[in-house]
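Visitor: Here it is: the structure, laid out below.
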Amino acid sequence: MNNTQINDAYINYKSEITRYLSHILKQPQDAEDLAQECFIRLMKVTDPIPEDRLLYYLKRIARNLAMDSFRRRTRTLRRDSRLEVPTHHVDTLSLEINEGVNDLVSHINNTEHRKILELRLIHGYSIKETAELVNRSEGMIKSSVFHAVNRIRAKVIS
């Protein structure tokens with residue numbers, strides 16, 4: 001894509017992409033940052049993109065960036081939850097991450113799936129440990145996590 005096309009795309013779609021990301025992330029600052037990243041990635045595209053597909057392409061980039069952001073937060077949360085160092089101050093980043101994860105988990109209506117997902121993602125237990133804690137098979141744990149994640153994807157992404 002040439003600079004003129006990128007400038008036109010930025011002018012025409014920046015606010016829509018930012019709104020789309022705000023809806024997914026629920027955090028305006030992060031949405032703004034990821035919207036900028038969308039257009040940076042658009043600048044790196046070498047193949048021509050038809051004008052009628054450009055918004056779809058940008059939304060796909062935005063969705064992927066949002067999912068990457070959720071994954072990073074989950075990994076950070078899992079790593080942090082395994083640390084047993086007591087903290088005596090309020091860490092706003094971990095509070096934001098906890099709120100984001102709790103918001104995602106709140107989309108799950110099935111209480112057993114929710115509990116299993118919390119044990120796996122928030123508390124960082126392995127599949128085997130989770131199965132022992134809830135007295136279920138490992139296959140059932142995997143299935144519950146799969147269905148819970150799909151429920152979140154359906155609610156958050158659509």
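In the structure tokens, each chain is lettered A, B, ... as it comes, each chain's residues begin at 1, and ligands are numbered from 1 in order of appearance.
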List every residue of stretch 9-156 of chain A that DSSP, applied to the backbone of this structure, places in alpha helix (DSSP H), and write the result as a count of residues only.
Guide: 113
Visitor: Excluding A:Ser69 and any residue of its chain fewer than 2 positions from it, enumerate the residues within 12 Å of it, using only C-alpha atoms, and give them as number ranges by chain.
Guide: A: 21, 24-25, 27, 30-31, 33-34, 37, 62-67, 71-76, 97, 100-101
Visitor: Could you list, as a PyMOL selection string, every residue within 10 Å of A:Gln5, counting only C-alpha atoms and ignoring same-chain residues fewer than 2 positions away?
Guide: chain A and resi 1-3+7-11+43+48-49+51
Visitor: Got time to write the residues from that selection, all heavy atoms, as an mmCIF file, in the first residue's frame?
Guide:
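Result file is part.cif:
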```cif
data_model
loop_
_atom_site.group_PDB
_atom_site.id
_atom_site.type_symbol
_atom_site.label_atom_id
_atom_site.label_comp_id
_atom_site.auth_asym_id
_atom_site.auth_seq_id
_atom_site.Cartn_x
_atom_site.Cartn_y
_atom_site.Cartn_z
ATOM 1 N N MET A 1 0.842 -1.182 0.000
ATOM 2 C CA MET A 1 0.000 0.000 0.000
ATOM 3 C C MET A 1 0.886 1.243 0.000
ATOM 4 O O MET A 1 1.919 1.254 0.636
ATOM 5 C CB MET A 1 -0.890 0.027 1.242
ATOM 6 C CG MET A 1 -1.910 -1.073 1.292
ATOM 7 S SD MET A 1 -3.134 -0.844 2.577
ATOM 8 C CE MET A 1 -4.102 0.470 1.898
ATOM 9 N N ASN A 2 0.423 2.265 -0.683
ATOM 10 C CA ASN A 2 1.215 3.496 -0.700
ATOM 11 C C ASN A 2 0.751 4.436 0.418
ATOM 12 O O ASN A 2 -0.252 4.200 1.084
ATOM 13 C CB ASN A 2 1.141 4.167 -2.081
ATOM 14 C CG ASN A 2 -0.257 4.650 -2.424
ATOM 15 O OD1 ASN A 2 -1.002 5.094 -1.557
ATOM 16 N ND2 ASN A 2 -0.616 4.560 -3.699
ATOM 17 N N ASN A 3 1.497 5.503 0.606
ATOM 18 C CA ASN A 3 1.240 6.431 1.717
ATOM 19 C C ASN A 3 -0.133 7.094 1.623
ATOM 20 O O ASN A 3 -0.782 7.327 2.640
ATOM 21 C CB ASN A 3 2.333 7.495 1.781
ATOM 22 C CG ASN A 3 3.620 6.923 2.332
ATOM 23 O OD1 ASN A 3 3.610 5.875 2.965
ATOM 24 N ND2 ASN A 3 4.715 7.617 2.085
ATOM 25 N N ASN A 7 -2.908 6.930 4.512
ATOM 26 C CA ASN A 7 -3.457 8.163 5.096
ATOM 27 C C ASN A 7 -4.983 8.184 5.000
ATOM 28 O O ASN A 7 -5.668 8.542 5.959
ATOM 29 C CB ASN A 7 -2.875 9.403 4.427
ATOM 30 C CG ASN A 7 -1.444 9.658 4.834
ATOM 31 O OD1 ASN A 7 -0.997 9.206 5.879
ATOM 32 N ND2 ASN A 7 -0.716 10.370 3.989
ATOM 33 N N ASP A 8 -5.504 7.811 3.824
ATOM 34 C CA ASP A 8 -6.962 7.771 3.644
ATOM 35 C C ASP A 8 -7.596 6.755 4.592
ATOM 36 O O ASP A 8 -8.634 7.019 5.200
ATOM 37 C CB ASP A 8 -7.317 7.424 2.195
ATOM 38 C CG ASP A 8 -6.978 8.548 1.226
ATOM 39 O OD1 ASP A 8 -6.750 9.691 1.686
ATOM 40 O OD2 ASP A 8 -6.944 8.277 0.010
ATOM 41 N N ALA A 9 -6.971 5.594 4.723
ATOM 42 C CA ALA A 9 -7.492 4.556 5.620
ATOM 43 C C ALA A 9 -7.480 5.066 7.056
ATOM 44 O O ALA A 9 -8.447 4.846 7.809
ATOM 45 C CB ALA A 9 -6.671 3.275 5.499
ATOM 46 N N TYR A 10 -6.424 5.742 7.438
ATOM 47 C CA TYR A 10 -6.314 6.279 8.803
ATOM 48 C C TYR A 10 -7.431 7.284 9.074
ATOM 49 O O TYR A 10 -8.109 7.219 10.104
ATOM 50 C CB TYR A 10 -4.937 6.919 9.007
ATOM 51 C CG TYR A 10 -4.697 7.383 10.421
ATOM 52 C CD1 TYR A 10 -4.312 6.488 11.403
ATOM 53 C CD2 TYR A 10 -4.870 8.717 10.774
ATOM 54 C CE1 TYR A 10 -4.096 6.904 12.714
ATOM 55 C CE2 TYR A 10 -4.660 9.146 12.072
ATOM 56 C CZ TYR A 10 -4.268 8.230 13.041
ATOM 57 O OH TYR A 10 -4.075 8.645 14.325
ATOM 58 N N ILE A 11 -7.631 8.183 8.146
ATOM 59 C CA ILE A 11 -8.666 9.212 8.307
ATOM 60 C C ILE A 11 -10.056 8.579 8.350
ATOM 61 O O ILE A 11 -10.893 8.929 9.181
ATOM 62 C CB ILE A 11 -8.567 10.263 7.181
ATOM 63 C CG1 ILE A 11 -7.290 11.089 7.355
ATOM 64 C CG2 ILE A 11 -9.799 11.160 7.152
ATOM 65 C CD1 ILE A 11 -6.928 11.943 6.161
ATOM 66 N N MET A 43 0.831 -0.447 7.383
ATOM 67 C CA MET A 43 1.924 0.138 6.598
ATOM 68 C C MET A 43 2.906 -0.924 6.127
ATOM 69 O O MET A 43 3.568 -0.749 5.110
ATOM 70 C CB MET A 43 2.676 1.188 7.418
ATOM 71 C CG MET A 43 1.923 2.466 7.585
ATOM 72 S SD MET A 43 2.937 3.793 8.240
ATOM 73 C CE MET A 43 2.887 3.443 9.978
ATOM 74 N N PRO A 48 -1.661 -5.458 -2.311
ATOM 75 C CA PRO A 48 -2.758 -4.484 -2.344
ATOM 76 C C PRO A 48 -4.012 -5.062 -1.667
ATOM 77 O O PRO A 48 -4.303 -6.257 -1.772
ATOM 78 C CB PRO A 48 -2.992 -4.256 -3.834
ATOM 79 C CG PRO A 48 -2.432 -5.465 -4.505
ATOM 80 C CD PRO A 48 -1.326 -5.973 -3.631
ATOM 81 N N ILE A 49 -4.727 -4.202 -0.973
ATOM 82 C CA ILE A 49 -5.966 -4.608 -0.308
ATOM 83 C C ILE A 49 -7.095 -3.816 -0.964
ATOM 84 O O ILE A 49 -7.040 -2.581 -1.000
ATOM 85 C CB ILE A 49 -5.922 -4.296 1.203
ATOM 86 C CG1 ILE A 49 -4.738 -5.021 1.836
ATOM 87 C CG2 ILE A 49 -7.225 -4.685 1.875
ATOM 88 C CD1 ILE A 49 -4.437 -4.563 3.246
ATOM 89 N N GLU A 51 -10.357 -1.724 -1.498
ATOM 90 C CA GLU A 51 -10.975 -0.738 -0.611
ATOM 91 C C GLU A 51 -12.167 -1.321 0.133
ATOM 92 O O GLU A 51 -12.363 -1.037 1.311
ATOM 93 C CB GLU A 51 -11.411 0.491 -1.428
ATOM 94 C CG GLU A 51 -12.088 1.580 -0.616
ATOM 95 C CD GLU A 51 -11.203 2.189 0.454
ATOM 96 O OE1 GLU A 51 -9.984 2.290 0.246
ATOM 97 O OE2 GLU A 51 -11.739 2.544 1.515
#
```
Visitor: Considering only C-alpha atoms, state which residue in the set A:Val145, A:Thr4, A:His113, A:Val156 is at the smallest distance from A:Lys26.
Guide: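 Between A:Val145, A:Thr4, A:His113, A:Val156, the residue approaching A:Lys26 most closely is A:Val156.
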